[in-house]
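S.K.: Input structure: target.pdb, which contains PDB, C-alpha atoms and all ligand atoms.
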ATOM      1  CA  MET A   1      19.197  -5.580  -3.736  1.00  0.00           C
ATOM      2  CA  PRO A   2      18.912  -8.013  -6.681  1.00  0.00           C
ATOM      3  CA  LYS A   3      16.405 -10.243  -4.866  1.00  0.00           C
ATOM      4  CA  ILE A   4      14.497 -10.634  -1.603  1.00  0.00           C
ATOM      5  CA  LEU A   5      13.611 -13.811   0.251  1.00  0.00           C
ATOM      6  CA  CYS A   6      10.064 -13.501   1.574  1.00  0.00           C
ATOM      7  CA  LYS A   7       8.953 -15.206   4.797  1.00  0.00           C
ATOM      8  CA  CYS A   8       6.754 -17.482   2.627  1.00  0.00           C
ATOM      9  CA  SER A   9       9.985 -18.793   0.978  1.00  0.00           C
ATOM     10  CA  THR A  10       9.347 -17.027  -2.339  1.00  0.00           C
ATOM     11  CA  VAL A  11      12.481 -15.493  -3.827  1.00  0.00           C
ATOM     12  CA  ILE A  12      11.433 -12.166  -5.336  1.00  0.00           C
ATOM     13  CA  PRO A  13      13.747 -11.171  -8.204  1.00  0.00           C
ATOM     14  CA  LEU A  14      14.367  -7.433  -8.526  1.00  0.00           C
ATOM     15  CA  HIS A  15      16.755  -7.328 -11.458  1.00  0.00           C
ATOM     16  CA  ASP A  16      14.152  -6.317 -14.085  1.00  0.00           C
ATOM     17  CA  ILE A  17      13.845  -2.600 -14.806  1.00  0.00           C
ATOM     18  CA  PRO A  18      11.075  -1.749 -14.443  1.00  0.00           C
ATOM     19  CA  SER A  19      10.299  -4.476 -11.945  1.00  0.00           C
ATOM     20  CA  PRO A  20       6.825  -6.044 -11.842  1.00  0.00           C
ATOM     21  CA  HIS A  21       7.291  -6.593  -8.084  1.00  0.00           C
ATOM     22  CA  GLN A  22       8.226  -3.063  -7.085  1.00  0.00           C
ATOM     23  CA  LEU A  23       5.769  -0.345  -6.168  1.00  0.00           C
ATOM     24  CA  LEU A  24       6.505   3.286  -5.386  1.00  0.00           C
ATOM     25  CA  MET A  25       4.641   5.257  -2.740  1.00  0.00           C
ATOM     26  CA  ILE A  26       4.539   8.925  -1.874  1.00  0.00           C
ATOM     27  CA  SER A  27       2.377  10.697   0.674  1.00  0.00           C
ATOM     28  CA  ASP A  28      -0.302  13.042  -0.547  1.00  0.00           C
ATOM     29  CA  VAL A  29       1.381  15.905   1.335  1.00  0.00           C
ATOM     30  CA  GLN A  30       4.755  15.233  -0.319  1.00  0.00           C
ATOM     31  CA  TYR A  31       3.165  14.915  -3.753  1.00  0.00           C
ATOM     32  CA  ASP A  32       1.222  18.128  -3.280  1.00  0.00           C
ATOM     33  CA  GLN A  33       4.514  20.050  -3.037  1.00  0.00           C
ATOM     34  CA  TYR A  34       5.006  19.452  -6.755  1.00  0.00           C
ATOM     35  CA  LYS A  35       3.390  21.915  -9.125  1.00  0.00           C
ATOM     36  CA  ALA A  36       3.218  21.955 -12.904  1.00  0.00           C
ATOM     37  CA  THR A  37       5.892  19.958 -14.744  1.00  0.00           C
ATOM     38  CA  ILE A  38       8.117  17.872 -12.517  1.00  0.00           C
ATOM     39  CA  ASP A  39      11.354  15.989 -12.968  1.00  0.00           C
ATOM     40  CA  ALA A  40      10.629  12.256 -12.850  1.00  0.00           C
ATOM     41  CA  GLU A  41      13.986  11.460 -11.223  1.00  0.00           C
ATOM     42  CA  GLN A  42      13.379  14.020  -8.477  1.00  0.00           C
ATOM     43  CA  LEU A  43       9.952  12.543  -7.814  1.00  0.00           C
ATOM     44  CA  TYR A  44      11.402   9.016  -7.862  1.00  0.00           C
ATOM     45  CA  ALA A  45      13.935   9.984  -5.181  1.00  0.00           C
ATOM     46  CA  GLU A  46      11.075  11.112  -2.907  1.00  0.00           C
ATOM     47  CA  MET A  47       9.180   7.840  -3.197  1.00  0.00           C
ATOM     48  CA  THR A  48       9.276   4.904  -0.824  1.00  0.00           C
ATOM     49  CA  LEU A  49      10.165   1.553  -2.360  1.00  0.00           C
ATOM     50  CA  ILE A  50       7.727  -1.279  -1.736  1.00  0.00           C
ATOM     51  CA  VAL A  51       8.278  -4.857  -2.888  1.00  0.00           C
ATOM     52  CA  LYS A  52       5.151  -7.001  -3.204  1.00  0.00           C
ATOM     53  CA  CYS A  53       5.615 -10.751  -2.907  1.00  0.00           C
ATOM     54  CA  PRO A  54       3.979 -12.537  -5.855  1.00  0.00           C
ATOM     55  CA  GLY A  55       3.520 -15.620  -3.676  1.00  0.00           C
ATOM     56  CA  CYS A  56       1.698 -14.340  -0.600  1.00  0.00           C
ATOM     57  CA  GLY A  57       1.095 -10.634  -1.227  1.00  0.00           C
ATOM     58  CA  ARG A  58       3.236  -9.436   1.674  1.00  0.00           C
ATOM     59  CA  LEU A  59       4.417  -5.856   1.280  1.00  0.00           C
ATOM     60  CA  HIS A  60       8.053  -5.170   2.109  1.00  0.00           C
ATOM     61  CA  ILE A  61       8.153  -1.423   2.738  1.00  0.00           C
ATOM     62  CA  PHE A  62      11.584   0.211   2.695  1.00  0.00           C
ATOM     63  CA  ASP A  63      10.530   3.430   4.407  1.00  0.00           C
ATOM     64  CA  GLU A  64      14.035   4.025   5.814  1.00  0.00           C
ATOM     65  CA  GLY A  65      15.733   3.490   2.453  1.00  0.00           C
ATOM     66  CA  PRO A  66      16.687   0.378   0.495  1.00  0.00           C
ATOM     67  CA  SER A  67      19.790  -0.285   2.619  1.00  0.00           C
ATOM     68  CA  LYS A  68      17.785  -0.637   5.855  1.00  0.00           C
ATOM     69  CA  PRO A  69      15.531  -3.573   6.775  1.00  0.00           C
ATOM     70  CA  ALA A  70      11.988  -3.400   5.400  1.00  0.00           C
ATOM     71  CA  LYS A  71       8.806  -3.327   7.440  1.00  0.00           C
ATOM     72  CA  VAL A  72       6.715  -6.274   6.285  1.00  0.00           C
ATOM     73  CA  TYR A  73       2.900  -6.287   6.136  1.00  0.00           C
ATOM     74  CA  LYS A  74       0.896  -9.449   5.483  1.00  0.00           C
ATOM     75  CA  PRO A  75      -2.608  -9.351   3.996  1.00  0.00           C
ATOM     76  CA  GLU A  76      -5.394 -10.504   6.297  1.00  0.00           C
ATOM     77  CA  PRO A  77      -6.831 -13.918   5.355  1.00  0.00           C
TER      78      PRO A  77
HETATM   79 ZN    ZN B   1       5.687 -14.046   0.234  1.00  0.00          ZN
END
Step by step, read the file and then write its structure as structure tokens.

M.R.:
Amino acid sequence: MPKILCKCSTVIPLHDIPSPHQLLMISDVQYDQYKATIDAEQLYAEMTLIVKCPGCGRLHIFDEGPSKPAKVYKPEP
């Protein structure tokens, strides 16, 4: 997934690591399962990838994994 085309026609590049357009989300319940010192890679695997469009602010949420289509949320005007 080197880039995403947003509905607003912005091409969102995802090749930078870390990417300024990617966010990571985890539920409070999932996070609460971790105690003390945690492995960053294990935590990363639990997180949901979100790509925020720098043009319009739409959030592309890959809650079924990066290989499945994202759910897209647009900010209210
Ligand atoms: Zn956009």

S.K.: When distances are computed from all atoms listed in the file, which of A:Cys53, A:Ile38, A:Val72, A:Leu59 shows the smallest separation from ligand ZN 1 (chain B)?

M.R.: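 The answer is A:Cys53, which sits nearest to ligand ZN 1 (chain B).
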
S.K.: Which residues, named as in the file, does the PyMOL selection byres (((chain A and resi 30) around 12) and not hetatm) pick out? Answer as a list in words.

M.R.: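 Checked against the file, the PyMOL selection byres (((chain A and resi 30) around 12) and not hetatm) matches Met25, Ile26, Ser27, Asp28, Val29, Tyr31, Asp32, Gln33, Tyr34, Lys35, Gln42, Leu43, Tyr44, Ala45, Glu46, Met47 and Thr48 of chain A.
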
S.K.: Taking the file as shown, find all residues satisfying the PyMOL selection byres (((chain A and resi 19) around 12) and not hetatm) and write them as a PyMOL selection string.

M.R.: chain A and resi 2-3+12-18+20-24+49-54

S.K.: Expressed in Å to a single decimal, how great is the separation between atom CA of A:Tyr73 and atom CA of A:Thr10?

M.R.: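 Answer for the atom CA of A:Tyr73 to atom CA of A:Thr10 separation: 15.1 Å.
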
S.K.: What does the distance between atom CA of A:Asp63 and atom CA of A:Cys6 come to in Å, to one decimal place?

M.R.: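 So the two atoms, atom CA of A:Asp63 and atom CA of A:Cys6, lie 17.2 Å apart.
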
S.K.: Using only C-alpha atoms, pick whichever of A:Ala36, A:Val11, A:Cys56, A:Ile4 has the shortest atom-to-atom distance to A:Ala70.

M.R.: A:Ile4

S.K.: Atom CA of A:Lys74 and atom CA of A:Cys8 are how many Å apart?

M.R.: 10.3 Å

S.K.: Generate N, CA and C atoms for stretch 7-21 of chain A and emit them as a PDB file, in the frame of the given file.

M.R.:
ATOM      1  N   LYS A   7       9.191 -14.259   3.706  1.00  0.00           N
ATOM      2  CA  LYS A   7       8.953 -15.206   4.797  1.00  0.00           C
ATOM      3  C   LYS A   7       8.209 -16.448   4.309  1.00  0.00           C
ATOM      4  N   CYS A   8       7.486 -16.333   3.179  1.00  0.00           N
ATOM      5  CA  CYS A   8       6.754 -17.482   2.627  1.00  0.00           C
ATOM      6  C   CYS A   8       7.665 -18.365   1.772  1.00  0.00           C
ATOM      7  N   SER A   9       8.953 -18.053   1.723  1.00  0.00           N
ATOM      8  CA  SER A   9       9.985 -18.793   0.978  1.00  0.00           C
ATOM      9  C   SER A   9      10.055 -18.440  -0.502  1.00  0.00           C
ATOM     10  N   THR A  10       9.254 -17.501  -0.957  1.00  0.00           N
ATOM     11  CA  THR A  10       9.347 -17.027  -2.339  1.00  0.00           C
ATOM     12  C   THR A  10      10.564 -16.119  -2.488  1.00  0.00           C
ATOM     13  N   VAL A  11      11.378 -16.394  -3.499  1.00  0.00           N
ATOM     14  CA  VAL A  11      12.481 -15.493  -3.827  1.00  0.00           C
ATOM     15  C   VAL A  11      11.933 -14.482  -4.832  1.00  0.00           C
ATOM     16  N   ILE A  12      11.985 -13.222  -4.483  1.00  0.00           N
ATOM     17  CA  ILE A  12      11.433 -12.166  -5.336  1.00  0.00           C
ATOM     18  C   ILE A  12      12.593 -11.531  -6.103  1.00  0.00           C
ATOM     19  N   PRO A  13      12.661 -11.764  -7.422  1.00  0.00           N
ATOM     20  CA  PRO A  13      13.747 -11.171  -8.204  1.00  0.00           C
ATOM     21  C   PRO A  13      13.476  -9.689  -8.460  1.00  0.00           C
ATOM     22  N   LEU A  14      14.521  -8.887  -8.345  1.00  0.00           N
ATOM     23  CA  LEU A  14      14.367  -7.433  -8.526  1.00  0.00           C
ATOM     24  C   LEU A  14      15.299  -6.889  -9.593  1.00  0.00           C
ATOM     25  N   HIS A  15      15.787  -7.778 -10.462  1.00  0.00           N
ATOM     26  CA  HIS A  15      16.755  -7.328 -11.458  1.00  0.00           C
ATOM     27  C   HIS A  15      16.105  -6.684 -12.683  1.00  0.00           C
ATOM     28  N   ASP A  16      14.818  -6.933 -12.934  1.00  0.00           N
ATOM     29  CA  ASP A  16      14.152  -6.317 -14.085  1.00  0.00           C
ATOM     30  C   ASP A  16      13.913  -4.832 -13.840  1.00  0.00           C
ATOM     31  N   ILE A  17      14.137  -4.044 -14.871  1.00  0.00           N
ATOM     32  CA  ILE A  17      13.845  -2.600 -14.806  1.00  0.00           C
ATOM     33  C   ILE A  17      12.948  -2.239 -15.973  1.00  0.00           C
ATOM     34  N   PRO A  18      11.722  -1.848 -15.750  1.00  0.00           N
ATOM     35  CA  PRO A  18      11.075  -1.749 -14.443  1.00  0.00           C
ATOM     36  C   PRO A  18      10.707  -3.118 -13.904  1.00  0.00           C
ATOM     37  N   SER A  19      10.596  -3.206 -12.599  1.00  0.00           N
ATOM     38  CA  SER A  19      10.299  -4.476 -11.945  1.00  0.00           C
ATOM     39  C   SER A  19       8.794  -4.632 -11.747  1.00  0.00           C
ATOM     40  N   PRO A  20       8.252  -5.815 -12.084  1.00  0.00           N
ATOM     41  CA  PRO A  20       6.825  -6.044 -11.842  1.00  0.00           C
ATOM     42  C   PRO A  20       6.501  -6.237 -10.359  1.00  0.00           C
ATOM     43  N   HIS A  21       7.518  -6.351  -9.512  1.00  0.00           N
ATOM     44  CA  HIS A  21       7.291  -6.593  -8.084  1.00  0.00           C
ATOM     45  C   HIS A  21       7.494  -5.347  -7.229  1.00  0.00           C
TER      46      HIS A  21
END
